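To be precise, the following lines are data_28.cif, and they hold mmCIF, C-alpha atoms and all ligand atoms.
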data_final
loop_
_atom_site.label_atom_id
_atom_site.label_comp_id
_atom_site.auth_asym_id
_atom_site.auth_seq_id
_atom_site.Cartn_x
_atom_site.Cartn_y
_atom_site.Cartn_z
CA MET A 204 0.00 0.00 0.00
CA ILE A 205 1.35 3.40 -0.98
CA TRP A 206 0.27 6.45 0.96
CA LEU A 207 -0.01 9.43 -1.33
CA VAL A 208 0.54 12.93 -0.07
CA ASP A 209 -2.02 15.51 -1.08
CA ASP A 210 0.01 17.47 -3.64
CA VAL A 211 0.98 14.27 -5.47
CA ARG A 212 -2.61 13.09 -5.35
CA ASP A 213 -3.86 16.29 -6.91
CA THR A 214 -1.63 15.95 -9.95
CA LEU A 215 -2.67 12.40 -10.75
CA SER A 216 -5.44 11.02 -12.93
CA ARG A 217 -6.58 14.17 -14.67
CA ALA A 218 -7.50 12.06 -17.67
CA TRP A 219 -9.69 9.88 -15.48
CA ALA A 220 -11.38 12.95 -14.10
CA ASN A 221 -12.47 13.91 -17.58
CA SER A 222 -13.60 10.38 -18.29
CA LEU A 223 -15.61 10.33 -15.06
CA HIS A 224 -17.24 13.61 -15.98
CA CYS A 225 -18.41 12.07 -19.26
CA ARG A 226 -19.84 9.01 -17.58
CA ARG A 227 -21.42 10.51 -14.52
CA GLY A 228 -22.17 14.12 -15.23
CA ARG A 229 -22.79 15.94 -11.99
CA ALA A 230 -22.03 14.19 -8.70
CA SER A 231 -25.44 15.16 -7.44
CA ALA A 232 -25.45 13.61 -3.95
CA SER A 233 -22.41 15.62 -2.96
CA GLY A 234 -23.59 18.86 -4.44
CA MET A 235 -20.34 19.04 -6.42
CA GLU A 236 -20.70 20.76 -9.75
CA ARG A 237 -17.95 18.76 -11.38
CA PRO A 238 -15.89 15.71 -10.49
CA VAL A 239 -12.35 16.00 -9.22
CA ALA A 240 -9.28 13.91 -10.06
CA THR A 241 -9.48 10.32 -8.85
CA ASP A 242 -6.55 9.00 -6.87
CA LYS A 243 -7.89 5.58 -5.97
CA ILE A 244 -10.39 3.11 -7.35
CA PHE A 245 -11.72 0.26 -5.23
CA VAL A 246 -12.93 -2.60 -7.40
CA ASN A 247 -14.94 -5.73 -6.57
CA ALA A 248 -16.95 -4.09 -3.81
CA ARG A 249 -20.12 -6.02 -2.92
CA PHE A 250 -22.91 -3.85 -1.50
CA GLY A 251 -25.64 -4.89 0.92
CA ASP A 252 -28.11 -5.53 -1.88
CA GLY A 253 -25.72 -7.99 -3.53
CA THR A 254 -24.72 -5.72 -6.40
CA ARG A 255 -21.05 -5.24 -7.23
CA HIS A 256 -19.46 -1.87 -7.80
CA SER A 257 -16.26 0.09 -8.15
CA ILE A 258 -15.78 3.02 -5.79
CA ALA A 259 -13.77 6.03 -6.95
CA VAL A 260 -12.13 8.12 -4.23
CA SER A 261 -10.40 11.48 -4.35
CA GLY A 262 -9.22 13.63 -1.48
CA GLY A 263 -10.64 11.09 0.94
CA ARG A 264 -14.19 11.35 -0.44
CA ILE A 265 -16.24 9.09 -2.69
CA THR A 266 -16.44 10.74 -6.10
CA ALA A 267 -18.34 8.02 -7.97
CA ILE A 268 -19.96 4.63 -7.49
CA LEU A 269 -19.65 2.72 -10.76
CA GLU A 270 -20.86 -0.50 -12.30
CA ALA A 271 -18.80 -3.59 -11.45
CA ASN A 272 -17.08 -3.87 -14.80
CA ASP A 273 -16.29 -0.17 -14.93
CA ARG A 274 -12.65 -0.07 -13.95
CA PRO A 275 -11.19 3.23 -15.05
CA ALA A 276 -7.54 4.07 -14.65
CA ALA A 277 -6.50 5.60 -11.37
CA SER A 278 -3.23 6.17 -9.61
CA GLU A 279 -3.99 3.20 -7.39
CA THR A 280 -6.38 0.28 -7.75
CA VAL A 281 -7.47 -1.72 -4.71
CA ASP A 282 -9.25 -5.04 -5.25
CA LEU A 283 -11.70 -5.67 -2.40
CA GLY A 284 -12.11 -9.27 -3.50
CA GLY A 285 -15.89 -9.29 -3.63
CA GLU A 286 -16.22 -8.80 0.11
CA LEU A 287 -19.25 -7.07 1.59
CA VAL A 288 -18.60 -3.34 1.93
CA VAL A 289 -20.45 -1.37 4.61
CA PRO A 290 -20.03 2.15 6.00
CA GLY A 291 -17.65 2.61 8.93
CA PHE A 292 -19.49 2.03 12.19
CA VAL A 293 -20.77 4.87 14.37
CA GLU A 294 -19.97 4.44 18.06
CA GLY A 295 -22.66 6.70 19.49
CA HIS A 296 -21.87 6.50 23.21
CA ILE A 297 -18.61 5.58 24.88
CA HIS A 298 -16.43 6.81 27.74
CA LEU A 299 -12.79 7.24 26.67
CA ASP A 300 -11.72 8.51 30.10
CA THR A 301 -12.88 5.67 32.33
CA SER A 302 -12.08 2.33 30.66
CA PHE A 303 -9.34 0.06 32.03
CA TRP A 304 -8.76 -1.63 28.66
CA GLY A 305 -5.08 -2.57 28.46
CA ASP A 306 -4.63 -1.87 32.19
CA VAL A 307 -4.76 -4.55 34.90
CA TRP A 308 -8.01 -6.47 35.36
CA ARG A 309 -10.14 -4.88 38.06
CA PRO A 310 -12.82 -7.14 39.56
CA HIS A 311 -16.31 -5.64 39.53
CA LYS A 312 -17.60 -4.39 42.90
CA PRO A 313 -21.38 -4.76 43.26
CA CYS A 314 -23.55 -2.05 44.79
CA THR A 315 -24.68 -2.74 48.35
CA ASN A 316 -28.42 -2.63 47.67
CA GLY A 317 -29.35 -2.90 43.98
CA PHE A 318 -28.10 -0.52 41.29
CA SER A 319 -27.06 2.93 42.50
CA VAL A 320 -25.56 5.59 40.23
CA HIS A 321 -24.15 7.36 43.32
CA GLU A 322 -22.35 4.23 44.49
CA ARG A 323 -20.98 3.43 41.04
CA VAL A 324 -19.60 6.98 40.73
CA ALA A 325 -17.85 6.51 44.10
CA PHE A 326 -16.36 3.14 43.01
CA GLN A 327 -15.19 4.75 39.80
CA ALA A 328 -13.33 7.50 41.67
CA GLU A 329 -11.53 4.85 43.78
CA ASN A 330 -10.57 2.78 40.73
CA LEU A 331 -9.40 5.69 38.60
CA ALA A 332 -7.07 6.90 41.36
CA GLU A 333 -5.08 3.67 40.89
CA ALA A 334 -5.41 3.27 37.11
CA ALA A 335 -2.84 3.70 34.34
CA PRO A 336 -2.62 7.24 32.89
CA MET A 337 -5.82 8.31 31.16
CA ASP A 338 -4.20 9.01 27.79
CA VAL A 339 -2.75 5.49 27.69
CA ARG A 340 -6.11 3.93 28.50
CA ALA A 341 -7.92 6.14 25.99
CA ARG A 342 -5.51 5.12 23.20
CA ASN A 343 -5.99 1.46 24.10
CA GLN A 344 -9.73 1.86 23.79
CA LEU A 345 -9.52 3.80 20.53
CA ASP A 346 -7.26 1.17 18.96
CA LEU A 347 -9.75 -1.48 20.04
CA CYS A 348 -12.73 0.33 18.49
CA ILE A 349 -10.96 1.30 15.26
CA SER A 350 -9.64 -2.23 14.74
CA HIS A 351 -13.24 -3.49 14.63
CA GLY A 352 -14.43 -0.88 12.13
CA THR A 353 -15.53 2.22 14.04
CA THR A 354 -14.66 5.39 12.11
CA ARG A 355 -16.93 7.89 13.91
CA MET A 356 -17.48 8.21 17.65
CA ARG A 357 -19.20 10.21 20.38
CA SER A 358 -17.45 9.99 23.74
CA HIS A 359 -18.69 11.39 27.00
CA VAL A 360 -15.90 12.81 29.16
CA MET A 361 -16.25 13.78 32.82
CA VAL A 362 -16.48 17.50 33.43
CA ASP A 363 -17.54 18.37 36.99
CA GLY A 364 -16.29 19.63 40.33
CA SER A 365 -14.40 16.38 41.02
CA VAL A 366 -12.09 16.49 37.98
CA GLY A 367 -12.60 19.99 36.57
CA LEU A 368 -11.46 20.16 32.95
CA LYS A 369 -8.45 17.84 33.38
CA SER A 370 -10.02 14.74 31.81
CA LEU A 371 -11.35 16.74 28.86
CA GLU A 372 -7.95 18.34 28.25
CA THR A 373 -6.34 14.89 28.16
CA ILE A 374 -8.92 13.44 25.78
CA LEU A 375 -8.74 16.52 23.52
CA LYS A 376 -5.01 15.81 23.04
CA VAL A 377 -5.67 12.15 22.27
CA ARG A 378 -8.39 13.17 19.79
CA GLU A 379 -5.84 15.31 17.97
CA GLU A 380 -3.41 12.37 17.81
CA TYR A 381 -6.08 10.18 16.26
CA LYS A 382 -7.61 12.66 13.84
CA ASP A 383 -6.46 10.72 10.76
CA LEU A 384 -8.01 7.49 12.06
CA ILE A 385 -11.33 8.45 13.59
CA ASP A 386 -13.67 11.45 13.94
CA ILE A 387 -14.56 12.00 17.59
CA GLN A 388 -17.29 14.17 19.14
CA LEU A 389 -16.84 14.92 22.84
CA VAL A 390 -19.67 15.45 25.33
CA ALA A 391 -18.97 17.45 28.49
CA PHE A 392 -20.46 14.98 30.96
CA PRO A 393 -21.28 16.03 34.56
CA GLN A 394 -20.75 12.60 36.15
CA SER A 395 -21.02 14.00 39.69
CA GLY A 396 -24.15 16.04 38.97
CA ILE A 397 -24.51 19.69 38.05
CA LEU A 398 -26.10 21.24 41.11
CA LYS A 399 -24.49 18.85 43.62
CA SER A 400 -20.99 19.31 42.24
CA GLN A 401 -19.62 22.76 42.94
CA GLY A 402 -18.66 24.88 39.96
CA THR A 403 -20.03 22.47 37.35
CA PRO A 404 -22.31 24.93 35.49
CA GLN A 405 -19.31 27.17 34.82
CA LEU A 406 -17.12 24.15 33.93
CA LEU A 407 -19.63 22.91 31.35
CA ASP A 408 -19.59 26.35 29.76
CA GLU A 409 -15.77 26.39 29.72
CA ALA A 410 -15.66 22.82 28.37
CA ILE A 411 -17.51 23.85 25.24
CA GLY A 412 -15.17 26.81 24.96
CA ILE A 413 -12.06 24.61 24.88
CA GLY A 414 -13.34 22.03 22.40
CA ALA A 415 -16.17 19.84 23.69
CA ASP A 416 -18.89 19.54 21.02
CA VAL A 417 -21.98 18.65 23.04
CA VAL A 418 -23.24 19.38 26.57
CA GLY A 419 -24.31 16.46 28.77
CA GLY A 420 -26.49 15.87 31.80
CA LEU A 421 -27.21 13.13 34.32
CA ASP A 422 -30.48 12.03 35.92
CA PRO A 423 -31.82 15.51 36.76
CA ALA A 424 -34.35 14.11 39.23
CA SER A 425 -32.54 11.38 41.14
CA PHE A 426 -29.06 12.86 41.06
CA ASP A 427 -29.55 16.60 41.45
CA ARG A 428 -33.16 16.31 42.68
CA ASP A 429 -34.16 19.40 40.69
CA VAL A 430 -35.20 18.74 37.10
CA GLU A 431 -35.85 22.39 36.24
CA LYS A 432 -32.57 23.79 37.49
CA HIS A 433 -30.54 20.92 36.03
CA LEU A 434 -32.08 21.39 32.59
CA ASP A 435 -31.76 25.18 32.88
CA VAL A 436 -27.98 24.72 33.02
CA VAL A 437 -27.76 22.07 30.27
CA PHE A 438 -29.96 23.86 27.76
CA GLY A 439 -28.55 27.24 28.80
CA VAL A 440 -25.03 26.18 27.85
CA ALA A 441 -26.31 24.54 24.65
CA GLU A 442 -28.21 27.66 23.61
CA LYS A 443 -25.31 29.99 24.43
CA HIS A 444 -22.84 28.02 22.32
CA GLY A 445 -25.17 26.61 19.68
CA VAL A 446 -24.28 22.99 20.47
CA GLY A 447 -26.28 19.80 20.94
CA VAL A 448 -27.35 18.00 24.13
CA ASP A 449 -26.92 14.35 25.20
CA ILE A 450 -28.29 13.47 28.65
CA HIS A 451 -27.66 10.22 30.58
CA LEU A 452 -31.05 9.18 31.96
CA HIS A 453 -31.22 6.06 34.13
CA ASP A 454 -34.28 7.15 36.12
CA PRO A 455 -36.96 4.44 35.78
CA ASN A 456 -40.71 4.29 35.12
CA MET A 457 -42.85 7.44 35.18
CA LEU A 458 -40.08 9.50 36.79
CA GLY A 459 -37.91 8.94 33.73
CA VAL A 460 -40.83 9.53 31.36
CA PHE A 461 -41.59 12.83 33.11
CA GLU A 462 -37.97 13.92 32.58
CA ILE A 463 -38.10 12.88 28.92
CA GLU A 464 -41.21 15.04 28.50
CA GLN A 465 -39.36 18.00 30.05
CA ILE A 466 -36.35 17.45 27.77
CA ALA A 467 -38.59 17.15 24.70
CA ALA A 468 -40.53 20.31 25.62
CA ARG A 469 -37.36 22.37 25.97
CA THR A 470 -35.99 20.94 22.73
CA HIS A 471 -39.12 21.98 20.87
CA THR A 472 -39.32 25.41 22.49
CA LEU A 473 -35.70 26.20 21.63
CA GLY A 474 -36.02 24.86 18.08
CA MET A 475 -33.36 22.26 18.80
CA GLU A 476 -35.09 19.38 17.00
CA GLY A 477 -32.45 16.92 15.77
CA HIS A 478 -29.81 18.25 18.16
CA VAL A 479 -30.79 16.44 21.37
CA ALA A 480 -30.33 12.84 22.52
CA VAL A 481 -31.29 10.94 25.65
CA SER A 482 -28.91 8.11 26.44
CA HIS A 483 -30.27 4.92 28.07
CA ALA A 484 -33.80 6.20 28.75
CA TYR A 485 -34.46 3.00 30.71
CA SER A 486 -37.93 4.25 31.62
CA LEU A 487 -39.15 3.64 28.06
CA GLY A 488 -38.69 -0.07 28.72
CA ASP A 489 -40.61 0.10 32.01
CA VAL A 490 -43.90 1.75 31.08
CA PRO A 491 -47.07 0.22 29.57
CA PRO A 492 -47.66 0.36 25.77
CA ASP A 493 -50.03 3.34 25.80
CA THR A 494 -47.59 5.47 27.79
CA LEU A 495 -44.76 4.32 25.55
CA LYS A 496 -46.70 5.27 22.41
CA LYS A 497 -47.54 8.73 23.75
CA THR A 498 -43.93 9.35 24.80
CA ALA A 499 -42.59 8.01 21.50
CA ASP A 500 -44.82 10.42 19.59
CA THR A 501 -43.53 13.28 21.75
CA LEU A 502 -39.92 12.25 21.07
CA ALA A 503 -40.54 12.02 17.34
CA HIS A 504 -42.32 15.37 17.26
CA SER A 505 -39.50 17.11 19.15
CA GLY A 506 -36.69 15.39 17.26
CA VAL A 507 -35.08 13.86 20.37
CA ALA A 508 -33.03 10.73 19.63
CA ILE A 509 -32.66 7.75 21.96
CA MET A 510 -29.42 5.84 22.55
CA THR A 511 -29.54 2.31 23.90
CA ASN A 512 -26.84 -0.31 24.25
CA ALA A 513 -29.38 -3.02 25.16
CA PRO A 514 -28.09 -3.49 28.73
CA GLY A 515 -28.37 -7.00 30.08
CA SER A 516 -29.70 -6.40 33.57
CA ARG A 517 -32.98 -4.57 33.01
CA PRO A 518 -35.66 -3.62 30.46
CA PHE A 519 -34.52 -1.07 27.89
CA PRO A 520 -36.23 1.09 25.24
CA PRO A 521 -38.22 -1.02 22.74
CA VAL A 522 -36.30 -0.27 19.57
CA ALA A 523 -38.84 -1.33 16.94
CA ALA A 524 -41.79 0.48 18.57
CA LEU A 525 -39.81 3.70 18.89
CA ARG A 526 -38.67 3.54 15.27
CA ARG A 527 -42.23 2.88 14.11
CA ALA A 528 -43.21 6.14 15.82
CA GLY A 529 -40.46 7.96 13.94
CA VAL A 530 -37.87 8.21 16.72
CA THR A 531 -34.17 8.03 15.79
CA VAL A 532 -32.70 5.19 17.86
CA PHE A 533 -28.95 4.65 17.82
CA SER A 534 -26.40 2.75 19.83
CA GLY A 535 -22.99 2.66 21.48
CA ASN A 536 -20.93 0.35 23.63
CA ASP A 537 -21.07 2.75 26.59
CA ASN A 538 -18.83 1.35 29.33
CA ILE A 539 -16.05 -1.02 28.27
CA ARG A 540 -14.29 -2.85 31.09
CA ASP A 541 -14.66 -0.08 33.64
CA SER A 542 -16.11 0.55 37.10
CA TRP A 543 -19.68 0.03 35.85
CA TRP A 544 -19.32 -3.42 34.31
CA PRO A 545 -16.61 -5.75 33.02
CA TYR A 546 -18.12 -6.37 29.57
CA GLY A 547 -17.38 -4.84 26.18
CA ASP A 548 -15.00 -5.39 23.26
CA GLY A 549 -15.42 -2.14 21.31
CA ASP A 550 -17.06 -3.92 18.37
CA MET A 551 -20.19 -2.11 17.18
CA LEU A 552 -21.16 -5.12 15.08
CA ASN A 553 -21.22 -7.22 18.25
CA ARG A 554 -23.32 -4.47 19.81
CA ALA A 555 -25.80 -4.77 16.94
CA THR A 556 -25.94 -8.51 17.66
CA THR A 557 -26.70 -7.83 21.32
CA ILE A 558 -29.44 -5.34 20.40
CA GLY A 559 -30.98 -7.83 17.97
CA TYR A 560 -30.70 -10.72 20.40
CA ARG A 561 -32.26 -8.85 23.31
CA SER A 562 -34.96 -7.31 21.09
CA GLY A 563 -36.01 -10.66 19.64
CA PHE A 564 -35.03 -9.57 16.12
CA TYR A 565 -35.09 -12.61 13.79
CA THR A 566 -36.37 -11.47 10.39
CA ASP A 567 -34.15 -9.81 7.79
CA ASP A 568 -35.93 -6.48 8.27
CA GLU A 569 -35.35 -6.66 12.02
CA LEU A 570 -31.66 -7.55 11.66
CA LEU A 571 -31.30 -4.58 9.33
CA ILE A 572 -32.76 -2.35 12.05
CA ALA A 573 -29.98 -3.41 14.41
CA PHE A 574 -27.42 -2.63 11.70
CA ASP A 575 -28.99 0.74 10.95
CA MET A 576 -28.56 1.68 14.61
CA ILE A 577 -24.76 1.35 14.37
CA THR A 578 -24.52 3.12 11.01
CA GLU A 579 -27.09 5.49 9.44
CA ALA A 580 -29.20 6.16 12.57
CA GLY A 581 -26.05 6.91 14.54
CA ALA A 582 -24.90 9.29 11.83
CA LYS A 583 -28.27 11.05 11.92
CA ALA A 584 -28.32 11.38 15.72
CA LEU A 585 -24.76 12.71 15.75
CA ARG A 586 -25.44 14.96 12.74
CA LEU A 587 -22.37 13.60 10.96
CA ASP A 588 -21.16 15.29 7.83
CA GLY A 589 -20.50 13.15 4.76
CA TYR A 590 -21.47 9.74 6.09
CA GLY A 591 -22.33 6.56 4.20
CA LEU A 592 -21.61 4.75 0.96
CA ARG A 593 -22.67 7.59 -1.29
CA VAL A 594 -21.08 10.08 -3.62
CA GLY A 595 -19.67 13.02 -1.69
CA ALA A 596 -19.31 11.12 1.58
CA LYS A 597 -16.01 10.39 3.28
CA ALA A 598 -14.59 7.11 2.02
CA ASP A 599 -14.90 5.44 5.43
CA PHE A 600 -15.87 1.80 5.05
CA VAL A 601 -15.34 -1.72 6.35
CA THR A 602 -15.03 -4.94 4.36
CA LEU A 603 -16.62 -8.07 5.81
CA ASN A 604 -16.24 -11.68 4.73
CA THR A 605 -19.89 -12.70 4.98
CA GLU A 606 -23.03 -13.20 2.86
CA ASN A 607 -24.88 -10.01 3.64
CA VAL A 608 -25.62 -7.40 6.30
CA GLN A 609 -28.20 -9.59 8.01
CA ALA A 610 -25.65 -12.39 8.40
CA ALA A 611 -23.09 -9.89 9.69
CA VAL A 612 -25.49 -8.95 12.52
CA ALA A 613 -26.47 -12.55 13.26
CA SER A 614 -22.85 -13.73 13.51
CA PRO A 615 -20.25 -10.97 13.14
CA PRO A 616 -17.35 -12.04 10.93
CA GLN A 617 -13.75 -11.43 11.96
CA LYS A 618 -10.88 -10.55 9.60
CA ARG A 619 -12.16 -7.14 8.61
CA SER A 620 -10.41 -4.35 6.74
CA VAL A 621 -11.13 -0.77 7.79
CA TYR A 622 -10.68 2.22 5.47
CA LYS A 623 -10.70 5.84 6.64
CA GLU A 624 -10.95 8.48 3.92
CA GLY A 625 -9.83 5.85 1.44
CA LYS A 626 -6.78 4.69 3.40
CA LEU A 627 -6.42 1.25 4.94
CA ILE A 628 -6.10 1.88 8.69
CA ALA A 629 -6.82 -1.53 10.24
CA ARG A 630 -6.83 -5.15 9.18
CA ASN A 631 -7.55 -8.33 11.10
CA ASP A 632 -8.02 -6.54 14.45
CA LYS A 633 -4.83 -4.50 14.16
CA VAL A 634 -4.56 -0.73 13.60
CA LEU A 635 -1.99 -0.26 10.85
CA LYS A 636 -1.47 3.40 10.35
CA LYS A 637 0.67 5.42 12.72
CA ARG A 638 -1.06 8.14 14.67
CA VAL A 639 -0.21 11.77 14.18
CA LEU A 640 1.87 12.44 17.28
CA THR A 641 1.65 15.97 18.63
ZN ZN A 701 -22.56 6.53 29.49
#
Rewrite the coordinates I just gave you, this time as structure tokens.
Amino acid sequence: MIWLVDDVRDTLSRAWANSLHCRRGRASASGMERPVATDKIFVNARFGDGTRHSIAVSGGRITAILEANDRPAASETVDLGGELVVPGFVEGHIHLDTSFWGDVWRPHKPCTNGFSVHERVAFQAENLAEAAPMDVRARNQLDLCISHGTTRMRSHVMVDGSVGLKSLETILKVREEYKDLIDIQLVAFPQSGILKSQGTPQLLDEAIGIGADVVGGLDPASFDRDVEKHLDVVFGVAEKHGVGVDIHLHDPNMLGVFEIEQIAARTHTLGMEGHVAVSHAYSLGDVPPDTLKKTADTLAHSGVAIMTNAPGSRPFPPVAALRRAGVTVFSGNDNIRDSWWPYGDGDMLNRATTIGYRSGFYTDDELLIAFDMITEAGAKALRLDGYGLRVGAKADFVTLNTENVQAAVASPPQKRSVYKEGKLIARNDKVLKKRVLT
């Protein structure tokens, strides 16, 4: 594999650019008025519908999707061998600052009386005081995720009175190191509460100022015990900076539904439809069907997305019913080997399997829902620019040795190749390309 630098790339394949223009005319999906020079052509790509294509890439973006036997000259030709080609996976919810991946194994400590967010936060503080440096652990986790095919990610990072901005500053540096391998959104996450943790409202504001992309929240009722004031801060920071919102909500039953209604109402009032997500939203799995339907309609109307990782220990949001109502439902691995649970391997395809398994998804259409949650729905919830296997999108894709997308969800294949902006960055569970060290 030859890595081409930009100025070399730009001088190559002018003749092919003209040829492409003749064949394709305008690249309408990208909005480009005319095609640009092609530096790489991927041949023998099998799409989810079984059709075979060639994919032309220039400047890291897809410039054309051609018929299988259309193999125009390019500076480099890559034969994908007829493997299934799917978009790079979207990790919609992870915590880069708290995983122990690559560190010593830390046995899970159960809560004393059922699940308690307060207790888990206290255990986490104890564990992190003894852990390997955060940047080392974050790189370990990123390598893990990228090796399995994740090319876009949203990570929550603790920002509160207990850690200030230190964790965010560390993860911002790691994000810069990895910018050629993965696009990362960061959520300023008040893990110790907003009202209960001194100085947190100001810290959330400063976090956006230094590079966080989204403002977070945590169980406004059970943690801070003041839904109005908690949401005043979250939406206040979002409105001031023009950023999105992603709130952790573990509160169960009607308490959680009440909070979802408050979040949806504020979203609608502020015109933030499509910019707000609720992560976990366990309550949607607790309430009866009529309440669920009413809440789902409210979510759809206000453009609030729901993230679920299909947790194993309790009911979770019913994916199919929410989607039927028009709600965007996406997924993420959430905690990977940390103080909350020991599970997780960073593989979004395995996460799709878990979602399908726990949701009772058996038909092809249902398996495709699980896959959509780790690709297109995630891209929509995160408002990602240039996502997917389409002209104009970034050439971020994964090759899989399997029959089709449904089979990939039912039994995820190993031995994948991962391409980021047209460059091979991982193969067979190993990240290949060196990071940009700062
Ligand atoms: Zn989380």
Requested in this report: Show which residues sit within 7 Å of segment 575-590 of chain A, as a ChimeraX atom specification. Count all atoms listed in the file, and ignore same-chain residues fewer than 2 positions away.
Outcome: /A:290,292-295,477,508,531-534,551,555,571-573,595-597
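Remark: for Pro615 of chain A, the closest of the candidate residues A:Val430, A:His351, A:Ala424, A:Ile413 is A:His351 (distances computed over all atoms listed in the file).
Closest approach to ligand ZN 701 (chain A) from the set A:Leu371, A:Ala391, A:Cys314, A:Leu635 is made by A:Ala391, with distances taken over only C-alpha atoms and all ligand atoms.
Proximity to ligand ZN 701 (chain A) was assessed for A:Ser358, A:Thr602, A:Thr498, A:Ser370 counting all atoms listed in the file; the smallest distance is recorded for A:Ser358.
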Query - Contacts of ligand ZN 701 (chain A), 7 Å or closer, all atoms listed in the file, given as number ranges by chain - result: A: 296-298, 359, 451, 537-538
**Report entry** Residue contacts of Gly284 of chain A (9 Å, all atoms listed in the file) excluding same-chain residues fewer than 5 positions away, as a ChimeraX atom specification
**Finding:** /A:246-249
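Among the candidate residues A:Arg561, A:Tyr485, A:Val418, A:Ala468, the one lying nearest to Gly445 of chain A is A:Val418, with distances computed using only C-alpha atoms.
Rounded to one decimal, atom CA of Lys623 of chain A and atom CA of Asp599 of chain A lie 4.4 Å from each other.
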**Report entry** Sel. within 8 Å of pt (-25.0, 17.1, 24.2), counting all atoms listed in the file, output as a VMD selection string
**Finding:** chain A and resid 390 to 391 416 to 420 441 446 to 450 478 to 480
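Distance annotation: of A:Thr566, A:Asn536, A:Asn512, A:Thr470, the residue with the minimal separation from Met356 of chain A is A:Asn536; atom set is all atoms listed in the file.
Interatomic distance, atom CA of Lys399 of chain A against atom CA of Val436 of chain A: 12.6 Å.
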Completion step: segment 545-549 of chain A with all heavy atoms as a PDB file, in the frame of the given file:
ATOM      1  N   PRO A 545     -17.853  -5.228  33.612  1.00  0.00           N
ATOM      2  CA  PRO A 545     -16.610  -5.750  33.020  1.00  0.00           C
ATOM      3  C   PRO A 545     -16.712  -6.043  31.526  1.00  0.00           C
ATOM      4  O   PRO A 545     -15.709  -6.363  30.899  1.00  0.00           O
ATOM      5  CB  PRO A 545     -16.391  -7.060  33.795  1.00  0.00           C
ATOM      6  CG  PRO A 545     -17.772  -7.503  34.163  1.00  0.00           C
ATOM      7  CD  PRO A 545     -18.591  -6.258  34.366  1.00  0.00           C
ATOM      8  N   TYR A 546     -17.901  -5.930  30.956  1.00  0.00           N
ATOM      9  CA  TYR A 546     -18.120  -6.370  29.570  1.00  0.00           C
ATOM     10  C   TYR A 546     -17.673  -5.324  28.554  1.00  0.00           C
ATOM     11  O   TYR A 546     -17.418  -4.176  28.886  1.00  0.00           O
ATOM     12  CB  TYR A 546     -19.598  -6.668  29.341  1.00  0.00           C
ATOM     13  CG  TYR A 546     -20.073  -7.878  30.104  1.00  0.00           C
ATOM     14  CD1 TYR A 546     -20.750  -7.739  31.305  1.00  0.00           C
ATOM     15  CD2 TYR A 546     -19.809  -9.172  29.631  1.00  0.00           C
ATOM     16  CE1 TYR A 546     -21.176  -8.846  32.020  1.00  0.00           C
ATOM     17  CE2 TYR A 546     -20.223 -10.283  30.345  1.00  0.00           C
ATOM     18  CZ  TYR A 546     -20.905 -10.109  31.534  1.00  0.00           C
ATOM     19  OH  TYR A 546     -21.317 -11.212  32.232  1.00  0.00           O
ATOM     20  N   GLY A 547     -17.636  -5.754  27.286  1.00  0.00           N
ATOM     21  CA  GLY A 547     -17.380  -4.840  26.180  1.00  0.00           C
ATOM     22  C   GLY A 547     -16.100  -5.191  25.435  1.00  0.00           C
ATOM     23  O   GLY A 547     -15.082  -5.551  26.028  1.00  0.00           O
ATOM     24  N   ASP A 548     -16.177  -5.121  24.093  1.00  0.00           N
ATOM     25  CA  ASP A 548     -15.000  -5.390  23.260  1.00  0.00           C
ATOM     26  C   ASP A 548     -14.803  -4.320  22.194  1.00  0.00           C
ATOM     27  O   ASP A 548     -13.954  -4.467  21.321  1.00  0.00           O
ATOM     28  CB  ASP A 548     -15.093  -6.777  22.612  1.00  0.00           C
ATOM     29  CG  ASP A 548     -16.275  -6.883  21.666  1.00  0.00           C
ATOM     30  OD1 ASP A 548     -17.008  -5.886  21.491  1.00  0.00           O
ATOM     31  OD2 ASP A 548     -16.467  -7.964  21.087  1.00  0.00           O
ATOM     32  N   GLY A 549     -15.606  -3.245  22.250  1.00  0.00           N
ATOM     33  CA  GLY A 549     -15.420  -2.140  21.310  1.00  0.00           C
ATOM     34  C   GLY A 549     -15.945  -2.402  19.916  1.00  0.00           C
ATOM     35  O   GLY A 549     -15.774  -1.575  19.032  1.00  0.00           O
TER      36      GLY A 549
END
